[in-house]
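Asker: To be precise about what I am sending: the file is called entry.cif and holds mmCIF, C-alpha atoms.
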```cif
data_upload
#
loop_
_atom_site.label_atom_id
_atom_site.label_comp_id
_atom_site.auth_asym_id
_atom_site.auth_seq_id
_atom_site.Cartn_x
_atom_site.Cartn_y
_atom_site.Cartn_z
CA MET A 1 5.78 -22.71 16.42
CA LEU A 2 3.49 -19.89 17.63
CA GLY A 3 5.83 -19.03 20.50
CA ARG A 4 8.77 -18.80 18.13
CA PHE A 5 6.72 -16.62 15.77
CA TRP A 6 6.01 -14.03 18.49
CA LEU A 7 9.65 -14.13 19.61
CA VAL A 8 10.74 -13.34 16.05
CA VAL A 9 8.24 -10.46 15.84
CA SER A 10 9.54 -9.01 19.12
CA GLU A 11 13.20 -9.33 18.17
CA GLU A 12 12.71 -7.92 14.68
CA LEU A 13 10.75 -4.93 15.99
CA LYS A 14 13.58 -4.15 18.39
CA ALA A 15 16.12 -4.43 15.57
CA PHE A 16 14.01 -2.14 13.36
CA GLY A 17 13.82 0.56 16.04
CA GLY A 18 10.40 -0.38 17.39
CA ALA A 19 8.42 0.04 14.18
CA CYS A 20 8.41 -1.31 10.64
CA LEU A 21 6.23 -1.71 7.60
CA ILE A 22 4.16 -4.87 7.79
CA SER A 23 5.81 -5.86 4.49
CA GLU A 24 9.22 -5.54 6.18
CA MET A 25 8.02 -7.72 9.05
CA ALA A 26 6.62 -10.28 6.58
CA GLU A 27 10.01 -10.69 4.92
CA SER A 28 11.79 -10.92 8.29
CA VAL A 29 9.36 -13.58 9.53
CA ARG A 30 9.85 -15.60 6.34
CA ARG A 31 13.62 -15.45 6.69
CA ARG A 32 13.78 -16.14 10.43
CA MET A 33 11.16 -18.91 10.36
CA ALA A 34 12.73 -20.44 7.21
CA TRP A 35 9.39 -20.43 5.39
CA ASP A 36 9.28 -21.03 1.66
CA GLU A 37 6.86 -18.18 1.06
CA THR A 38 6.44 -14.71 2.53
CA PRO A 39 3.18 -14.36 4.50
CA GLN A 40 0.56 -12.20 2.84
CA ILE A 41 0.49 -8.65 4.17
CA ASP A 42 -3.21 -8.50 5.03
CA ALA A 43 -3.09 -11.86 6.80
CA LEU A 44 -0.02 -10.89 8.84
CA GLU A 45 -1.64 -7.58 9.78
CA TRP A 46 -4.69 -9.48 11.03
CA VAL A 47 -2.51 -11.77 13.18
CA LEU A 48 -0.46 -8.89 14.62
CA GLU A 49 -3.67 -7.17 15.72
CA LEU A 50 -4.21 -10.02 18.18
CA ARG A 51 -1.45 -8.60 20.39
CA ASP A 52 -2.51 -5.81 22.76
CA ASP A 53 1.07 -4.52 23.07
CA LEU A 54 1.37 -3.84 19.34
CA VAL A 55 -0.11 -0.86 17.50
CA ILE A 56 -1.17 -1.19 13.86
CA ASP A 57 -1.25 2.05 11.87
CA LYS A 58 -3.35 0.99 8.88
CA SER A 59 -2.93 4.32 7.09
CA GLN A 60 0.80 3.59 6.76
CA SER A 61 0.65 -0.24 7.02
CA VAL A 62 3.02 -0.01 9.98
CA VAL A 63 3.31 -2.10 13.16
CA LEU A 64 4.97 -0.53 16.19
CA SER A 65 5.74 -1.29 19.82
CA ASN A 66 5.88 1.52 22.35
CA LYS A 67 8.01 -0.75 24.55
CA VAL A 68 10.99 0.12 22.34
CA ASP A 69 12.40 3.51 23.39
CA CYS A 70 13.50 4.44 19.86
CA VAL A 71 9.88 5.02 18.77
CA ASN A 72 9.69 8.14 20.95
CA CYS A 73 13.32 9.25 20.45
CA LYS A 74 13.68 13.03 20.22
CA ILE A 75 17.17 12.70 18.75
CA ALA A 76 15.84 10.79 15.73
CA LEU A 77 13.25 13.50 15.15
CA GLU A 78 15.89 16.24 15.38
CA VAL A 79 18.13 14.40 12.90
CA LEU A 80 15.25 14.02 10.44
CA GLN A 81 14.35 17.70 10.69
CA ALA A 82 17.99 18.70 10.21
CA LEU A 83 18.31 16.54 7.09
CA PHE A 84 15.22 17.88 5.34
CA ASN A 85 14.14 21.40 4.65
CA GLU A 86 12.95 23.36 1.61
CA GLY A 87 15.35 22.61 -1.23
CA SER A 88 16.70 19.38 0.26
CA ASP A 89 17.30 16.45 -2.07
CA ASP A 90 15.38 13.22 -1.63
CA LYS A 91 17.27 10.56 0.33
CA SER A 92 16.93 6.83 0.55
CA VAL A 93 15.72 5.18 3.76
CA ALA A 94 19.17 3.58 4.12
CA GLU A 95 20.89 6.98 4.05
CA VAL A 96 18.54 8.42 6.67
CA SER A 97 18.90 5.31 8.83
CA ASP A 98 22.70 5.65 8.78
CA CYS A 99 22.46 9.32 9.81
CA ILE A 100 20.21 8.50 12.76
CA LYS A 101 22.47 5.62 13.86
CA SER A 102 25.52 7.90 13.66
CA SER A 103 23.81 10.37 15.98
CA CYS A 104 22.74 7.55 18.34
CA ARG A 105 26.34 6.45 18.81
CA GLN A 106 27.19 9.89 20.16
CA GLN A 107 24.54 9.72 22.90
CA PRO A 108 25.90 8.19 26.14
CA GLU A 109 22.44 7.23 27.40
CA CYS A 110 21.31 5.59 24.13
CA LYS A 111 20.79 1.83 24.46
CA ALA A 112 20.25 1.26 20.74
CA LYS A 113 23.95 1.63 19.97
CA TYR A 114 24.69 -1.58 21.89
CA TYR A 115 22.84 -3.86 19.47
CA ASN A 116 22.72 -4.20 15.71
CA ILE A 117 19.88 -1.86 14.80
CA LYS A 118 18.72 -0.95 11.34
CA PHE A 119 16.05 1.72 11.38
CA SER A 120 13.35 0.54 8.97
CA GLU A 121 11.25 2.42 6.47
CA GLY A 122 8.29 1.96 8.81
CA TYR A 123 10.26 3.44 11.73
CA ILE A 124 11.30 6.50 9.73
CA SER A 125 7.67 6.87 8.57
CA VAL A 126 6.52 6.97 12.22
CA ILE A 127 9.11 9.66 13.05
CA ALA A 128 8.27 11.62 9.89
CA ARG A 129 4.58 11.72 10.89
CA LYS A 130 5.65 13.94 13.78
CA THR A 131 6.75 16.61 11.29
CA THR A 132 4.63 18.66 8.91
CA ASN A 133 6.74 18.52 5.75
CA ILE A 134 8.64 15.22 5.67
CA MET A 135 7.22 12.13 4.01
CA VAL A 136 8.38 8.59 3.30
CA ARG A 137 7.22 6.50 0.39
CA ASP A 138 8.61 3.39 -1.31
CA GLY A 139 12.05 3.64 0.23
CA VAL A 140 12.44 7.38 -0.35
CA VAL A 141 12.37 10.19 2.24
CA PHE A 142 11.53 13.64 0.91
CA TYR A 143 10.47 17.17 1.84
CA VAL A 144 7.23 18.69 0.59
CA ASP A 145 5.98 22.24 0.84
CA SER A 146 2.38 23.31 1.45
CA ASP A 147 1.46 22.42 -2.15
CA ASP A 148 2.90 18.90 -1.78
CA THR A 149 5.66 19.75 -4.24
CA ARG A 150 8.82 21.81 -4.38
CA ARG A 151 10.50 23.62 -7.27
CA GLY A 152 13.24 21.61 -8.94
CA SER A 153 12.27 18.44 -7.11
CA ARG A 154 12.48 14.96 -8.53
CA LEU A 155 8.68 15.01 -8.55
CA HIS A 156 8.74 17.88 -11.04
CA LEU A 157 11.31 16.01 -13.09
CA VAL A 158 9.09 12.96 -13.71
CA GLU A 159 6.05 15.18 -14.24
CA SER A 160 8.00 17.05 -16.91
CA ILE A 161 9.10 13.80 -18.58
CA VAL A 162 5.57 12.42 -18.75
CA LYS A 163 4.14 15.75 -19.91
CA SER A 164 6.79 16.08 -22.63
CA ALA A 165 5.90 12.62 -23.93
CA GLY A 166 2.42 13.86 -24.75
CA ARG A 167 1.00 10.36 -24.29
CA ALA A 168 0.83 7.46 -21.89
CA ILE A 169 4.41 6.36 -21.16
CA HIS A 170 5.79 3.27 -19.42
CA ILE A 171 7.77 3.61 -16.20
CA SER A 172 10.82 2.02 -17.87
CA GLU A 173 10.95 4.92 -20.34
CA ILE A 174 10.51 7.46 -17.54
CA TYR A 175 13.31 5.82 -15.57
CA LYS A 176 15.66 5.86 -18.56
CA GLU A 177 14.98 9.54 -19.27
CA ALA A 178 15.31 10.52 -15.59
CA LYS A 179 18.74 8.82 -15.40
CA GLN A 180 19.88 10.83 -18.41
CA GLN A 181 18.69 14.15 -17.00
CA LEU A 182 20.06 13.74 -13.47
CA PRO A 183 23.74 14.30 -12.66
CA ASP A 184 25.94 11.19 -12.79
CA ASN A 185 26.34 11.19 -8.99
CA GLN A 186 22.56 11.01 -8.45
CA ARG A 187 21.93 7.28 -8.28
CA ILE A 188 18.30 6.28 -8.69
CA THR A 189 16.40 3.03 -8.98
CA MET A 190 13.14 2.04 -10.65
CA ARG A 191 11.58 1.82 -7.19
CA ILE A 192 12.52 5.43 -6.41
CA VAL A 193 11.09 6.64 -9.73
CA HIS A 194 7.90 4.71 -8.96
CA SER A 195 7.61 6.55 -5.63
CA TRP A 196 7.96 9.91 -7.39
CA LEU A 197 5.23 8.98 -9.85
CA ASP A 198 2.83 7.88 -7.10
CA ARG A 199 3.34 11.17 -5.23
CA SER A 200 2.15 13.29 -8.13
CA ASN A 201 -1.40 14.56 -8.34
CA LYS A 202 -0.75 15.53 -11.97
CA LEU A 203 0.03 12.02 -13.22
CA LEU A 204 -2.44 9.16 -13.56
CA LEU A 205 -1.75 5.43 -13.65
CA TRP A 206 -3.27 4.61 -17.03
CA ASP A 207 -2.42 0.94 -17.51
CA ARG A 208 -0.09 -1.59 -15.91
CA GLY A 209 3.15 0.37 -15.32
CA THR A 210 2.00 3.19 -17.61
CA TYR A 211 1.38 6.84 -16.67
CA ILE A 212 -0.13 9.84 -18.42
CA HIS A 213 -0.20 13.55 -17.58
CA ARG A 214 -3.53 14.89 -16.36
CA ASN A 215 -3.47 17.54 -19.13
CA TYR A 216 -3.88 14.86 -21.80
CA VAL A 217 -6.91 13.22 -20.23
CA THR A 218 -10.54 14.27 -20.40
CA ILE A 219 -12.28 12.45 -17.58
CA PRO A 220 -15.96 11.73 -18.40
CA GLU A 221 -17.22 13.15 -15.12
CA PHE A 222 -20.87 12.26 -15.67
CA LEU A 223 -19.99 8.60 -16.35
CA ILE A 224 -17.55 8.44 -13.42
CA ALA A 225 -20.24 9.91 -11.14
CA GLU A 226 -22.66 7.21 -12.35
CA ILE A 227 -20.08 4.49 -11.62
CA GLU A 228 -19.37 5.94 -8.17
CA LYS A 229 -23.07 5.81 -7.37
CA TRP A 230 -23.26 2.21 -8.65
CA ILE A 231 -20.28 1.13 -6.52
CA PHE A 232 -21.69 2.92 -3.48
CA GLU A 233 -24.93 0.95 -3.83
CA LYS A 234 -22.90 -2.28 -3.95
CA LEU A 235 -21.06 -1.33 -0.78
CA LYS A 236 -24.26 -0.38 1.04
CA SER A 237 -25.17 -4.08 1.09
CA GLY A 238 -22.50 -4.53 3.78
CA VAL A 239 -19.70 -6.14 1.77
CA PRO A 240 -16.22 -5.22 3.06
CA PHE A 241 -15.00 -3.89 -0.30
CA PHE A 242 -15.75 -3.82 -4.00
CA SER A 243 -13.14 -4.40 -6.70
CA VAL A 244 -12.92 -1.98 -9.61
CA ALA A 245 -12.80 -5.09 -11.84
CA GLY A 246 -16.53 -5.48 -11.24
CA ALA A 247 -17.20 -1.90 -12.31
CA TRP A 248 -15.03 -2.36 -15.39
CA ALA A 249 -16.97 -5.50 -16.36
CA GLU A 250 -20.27 -3.60 -16.03
CA PHE A 251 -19.27 -0.37 -17.80
CA GLU A 252 -16.41 -1.42 -20.12
CA LYS A 253 -18.05 -0.46 -23.42
CA LEU A 254 -19.08 2.99 -22.16
CA LEU A 255 -15.67 3.58 -20.61
CA VAL A 256 -13.72 2.65 -23.73
CA ALA A 257 -16.03 4.83 -25.83
CA ASN A 258 -15.22 7.72 -23.49
CA GLY A 259 -11.45 7.28 -23.59
CA ILE A 260 -10.92 5.18 -20.45
CA PRO A 261 -8.95 2.14 -21.70
CA SER A 262 -8.39 -0.08 -18.65
CA GLU A 263 -9.26 -1.01 -15.08
CA TYR A 264 -6.18 0.94 -13.97
CA SER A 265 -7.33 4.13 -15.67
CA LEU A 266 -10.84 3.68 -14.24
CA TYR A 267 -9.38 3.37 -10.73
CA SER A 268 -7.28 6.51 -11.30
CA CYS A 269 -10.35 8.44 -12.45
CA LEU A 270 -12.37 7.29 -9.45
CA ARG A 271 -9.62 8.21 -7.03
CA ASN A 272 -9.16 11.56 -8.77
CA SER A 273 -12.89 12.27 -8.38
CA ASN A 274 -12.65 11.50 -4.65
CA ARG A 275 -16.39 11.16 -4.07
CA GLU A 276 -17.42 11.75 -0.46
CA GLY A 277 -18.19 8.48 1.30
CA LEU A 278 -15.76 6.33 -0.70
CA CYS A 279 -12.08 5.60 -0.15
CA TYR A 280 -9.45 3.92 -2.29
CA PRO A 281 -6.92 2.13 -0.06
CA ARG A 282 -5.06 0.56 -2.98
CA TYR A 283 -5.78 -0.79 -6.44
CA PRO A 284 -8.19 -2.43 -7.18
CA TYR A 285 -10.31 -2.00 -4.05
CA VAL A 286 -12.96 0.58 -3.13
CA MET A 287 -14.39 0.84 0.40
CA ILE A 288 -16.87 2.87 2.41
CA ASP A 289 -14.97 5.78 3.94
CA SER A 290 -15.65 5.10 7.62
CA PRO A 291 -13.54 4.46 10.73
CA GLU A 292 -15.50 1.22 11.15
CA SER A 293 -14.44 -0.07 7.72
CA GLU A 294 -11.90 -2.85 7.99
CA ARG A 295 -9.67 -3.72 5.06
CA LEU A 296 -9.96 -7.47 4.60
CA PRO A 297 -7.95 -9.55 2.14
CA PRO A 298 -10.23 -11.24 -0.43
CA TYR A 299 -9.65 -14.74 0.91
CA ILE A 300 -10.72 -13.66 4.43
CA ALA A 301 -13.87 -12.10 2.96
CA LEU A 302 -14.60 -15.41 1.25
CA GLU A 303 -13.99 -17.32 4.48
CA GLN A 304 -16.49 -15.08 6.28
CA PHE A 305 -19.06 -15.72 3.55
CA VAL A 306 -18.70 -19.51 3.92
CA LEU A 307 -18.92 -19.20 7.71
CA GLU A 308 -22.08 -17.09 7.55
CA GLN A 309 -23.82 -19.72 5.39
CA GLY A 310 -23.69 -22.12 8.33
CA GLY A 311 -23.16 -25.32 6.35
CA LEU A 312 -22.17 -26.67 2.97
CA VAL A 313 -21.54 -24.05 0.28
CA SER A 314 -20.99 -24.83 -3.38
CA THR A 315 -18.15 -23.40 -5.42
CA LYS A 316 -20.78 -21.80 -7.64
CA GLU A 317 -22.28 -19.93 -4.66
CA ILE A 318 -18.86 -18.72 -3.48
CA LYS A 319 -17.88 -17.61 -6.97
CA ASN A 320 -21.21 -15.82 -7.40
CA TYR A 321 -20.56 -13.90 -4.17
CA ALA A 322 -16.97 -13.09 -5.16
CA VAL A 323 -17.81 -11.89 -8.68
CA ASN A 324 -21.23 -10.27 -8.24
CA GLU A 325 -21.02 -8.93 -4.69
CA LEU A 326 -17.29 -8.20 -4.28
CA GLY A 327 -16.52 -7.39 -7.92
CA ILE A 328 -13.59 -9.83 -8.04
CA SER A 329 -12.59 -10.82 -11.56
CA ALA A 330 -13.80 -14.32 -12.46
CA GLN A 331 -10.36 -14.99 -13.97
CA ILE A 332 -8.58 -14.62 -10.60
CA PHE A 333 -11.30 -16.04 -8.34
CA GLN A 334 -9.54 -19.39 -8.02
CA ASN A 335 -6.30 -17.64 -6.97
CA HIS A 336 -8.11 -16.27 -3.92
CA MET A 337 -10.07 -19.46 -3.29
CA VAL A 338 -6.96 -21.61 -2.76
CA ASN A 339 -5.86 -19.27 0.05
CA VAL A 340 -9.13 -19.32 2.03
CA PRO A 341 -8.32 -20.58 5.56
CA ASN A 342 -10.43 -22.90 7.75
CA VAL A 343 -12.42 -24.20 4.78
CA ILE A 344 -12.31 -27.80 3.58
CA ARG A 345 -13.65 -29.52 0.49
CA ALA A 346 -16.57 -31.68 1.60
CA VAL A 347 -17.60 -35.07 0.23
CA GLU A 348 -19.17 -33.54 -2.82
CA GLU A 349 -16.44 -32.47 -5.21
CA CYS A 350 -17.43 -28.80 -5.52
CA THR A 351 -18.79 -28.19 -2.03
CA PHE A 352 -16.98 -26.49 0.86
CA MET A 353 -17.64 -26.01 4.54
CA TRP A 354 -16.09 -23.90 7.31
CA ILE A 355 -14.30 -25.63 10.20
CA ILE A 356 -13.19 -24.26 13.56
#
```
Give the structure from this file in structure tokens form.

Answerer:
Amino acid sequence: MLGRFWLVVSEELKAFGGACLISEMAESVRRRMAWDETPQIDALEWVLELRDDLVIDKSQSVVLSNKVDCVNCKIALEVLQALFNEGSDDKSVAEVSDCIKSSCRQQPECKAKYYNIKFSEGYISVIARKTTNIMVRDGVVFYVDSDDTRRGSRLHLVESIVKSAGRAIHISEIYKEAKQQLPDNQRITMRIVHSWLDRSNKLLLWDRGTYIHRNYVTIPEFLIAEIEKWIFEKLKSGVPFFSVAGAWAEFEKLLVANGIPSEYSLYSCLRNSNREGLCYPRYPYVMIDSPESERLPPYIALEQFVLEQGGLVSTKEIKNYAVNELGISAQIFQNHMVNVPNVIRAVEECTFMWII
């Protein structure tokens, strides 16, 4: 089983051009291994790190192999730079992949043209990192100027839609309005609109799937600074992360009284504040901003806690650690608990122990 797993990883990386998002690899592994469920991203990343010949770029959530020539292909870089300049329209990853493959077929020395290659989003992200103004996000490749925007861009379009609404607006409404304003030949998807929204520093995620323009929000800076300090003290204890759910539970009444209606809006305010020493890898987690900080999935953090106890640990003790030390919501604790590896239920009904 393990040998087949690594063979699949190697073959899929080659087919992707030598690099891919870990989420892309997860789906490929599920399909090739005929698994019922897709492996969790954080767990797969942890496994892939065991291989010395693979490189994990955690900032992009990309895995790459320098053994595949395409990763260092100058032709791919030239194609990307030719496709995107100031004023260029956004393009899908599939469109860019087709353009690179078309150029590959014209190169006599290119080996990639002899097998069925599909340059992945992760691959194009790796190539784009070699430029100064091309970015890839959520299936969309786009050009940015020095201000991280460009006049007339799709980014300005969604910013204008949200600003015109004058309130928090759901992504489905933004998508509908964007489709109406764009020419008929400009095909967009909800995923593409989501990528535009996430790129904006003028729009804030205000609730699940809901965005608001920064102009319509007064962030209670003194309260946010207090919460940042509180979270920092939690992280100083050595825990791998702290969930914003814990901060919301502690400060909910004050936050609501000051116009912050949800955990999502709190996370947006914290990320907007960008306090030195803290980083926000993705909702709902906050971490110490340090090269030594390792992003662990919650169930791995819980496994480490059980291991460190050196014996039997009650469900109450594990839940106390999850809720009070990691800030995990009590309502979703059990969801993480069922995924904890190498832990078995002992004789006593609510007691667990770590096994090798």

Asker: Quick one: residues within 7 Å of Val71 (chain A), all atoms listed in the file, excluding same-chain residues fewer than 6 positions away - as a VMD selection string?

Answerer: chain A and resid 17 to 19

Asker: Could the residues in this selection be written to a file with C-alpha atoms, as a compact mmCIF listing (two decimals), in the frame of the given file?

Answerer:
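Output saved as out.txt:
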```
# COMPACT_ATOMS: atom_id res chain seq x y z
CA GLY A 17 13.82 0.56 16.04
CA GLY A 18 10.40 -0.38 17.39
CA ALA A 19 8.42 0.04 14.18
```

Asker: Which residue gives the smallest distance to Arg275 (chain A) among A:Ile212, A:Ile288, A:Val217, A:Ala301, with only C-alpha atoms counted?

Answerer: A:Ile288

Asker: List the residues matched by the PyMOL selection byres ((chain A and resi 164-176) around 6) in the displayed structure as a PyMOL selection string, ordered by chain and then by residue number.

Answerer: chain A and resi 160-163+177-179+209-212

Asker: Name the residues that the PyMOL selection byres ((chain A and resi 238) around 12) pulls out of this structure, and write them as number ranges by chain.

Answerer: A: 231-237, 239-242, 287-288, 292-294, 301, 305, 325-326

Asker: Export C-alpha atoms of the chosen residues as a PDB file, in the frame of the given file?

Answerer:
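The result, stored in result_35.pdb:
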```
ATOM      1  CA  ILE A 231     -20.280   1.130  -6.520  1.00  0.00           C
ATOM      2  CA  PHE A 232     -21.690   2.920  -3.480  1.00  0.00           C
ATOM      3  CA  GLU A 233     -24.930   0.950  -3.830  1.00  0.00           C
ATOM      4  CA  LYS A 234     -22.900  -2.280  -3.950  1.00  0.00           C
ATOM      5  CA  LEU A 235     -21.060  -1.330  -0.780  1.00  0.00           C
ATOM      6  CA  LYS A 236     -24.260  -0.380   1.040  1.00  0.00           C
ATOM      7  CA  SER A 237     -25.170  -4.080   1.090  1.00  0.00           C
ATOM      8  CA  VAL A 239     -19.700  -6.140   1.770  1.00  0.00           C
ATOM      9  CA  PRO A 240     -16.220  -5.220   3.060  1.00  0.00           C
ATOM     10  CA  PHE A 241     -15.000  -3.890  -0.300  1.00  0.00           C
ATOM     11  CA  PHE A 242     -15.750  -3.820  -4.000  1.00  0.00           C
ATOM     12  CA  MET A 287     -14.390   0.840   0.400  1.00  0.00           C
ATOM     13  CA  ILE A 288     -16.870   2.870   2.410  1.00  0.00           C
ATOM     14  CA  GLU A 292     -15.500   1.220  11.150  1.00  0.00           C
ATOM     15  CA  SER A 293     -14.440  -0.070   7.720  1.00  0.00           C
ATOM     16  CA  GLU A 294     -11.900  -2.850   7.990  1.00  0.00           C
ATOM     17  CA  ALA A 301     -13.870 -12.100   2.960  1.00  0.00           C
ATOM     18  CA  PHE A 305     -19.060 -15.720   3.550  1.00  0.00           C
ATOM     19  CA  GLU A 325     -21.020  -8.930  -4.690  1.00  0.00           C
ATOM     20  CA  LEU A 326     -17.290  -8.200  -4.280  1.00  0.00           C
TER      21      LEU A 326
END
```

Asker: Any chance you could work out the residue set of the PyMOL selection byres ((chain A and resi 102-104) around 12) here, as a PyMOL selection string?

Answerer: chain A and resi 17+70+73-80+82+95-101+105-115+117-119

Asker: Would you mind listing what lies within 10 Å of Ile227 (chain A) as a list in words, with all atoms listed in the file counted and same-chain residues fewer than 6 positions away left out?

Answerer: Glu221, Glu233, Val244, Ala247, Trp248, Glu250, Phe251, Leu266 and Leu270 of chain A

Asker: For Ser10 (chain A), which of A:Asp53, A:Glu263, A:Asp36, A:Asp207 is the closest residue, counting all atoms listed in the file?

Answerer: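 Under the stated criterion, the closest residue is A:Asp53.
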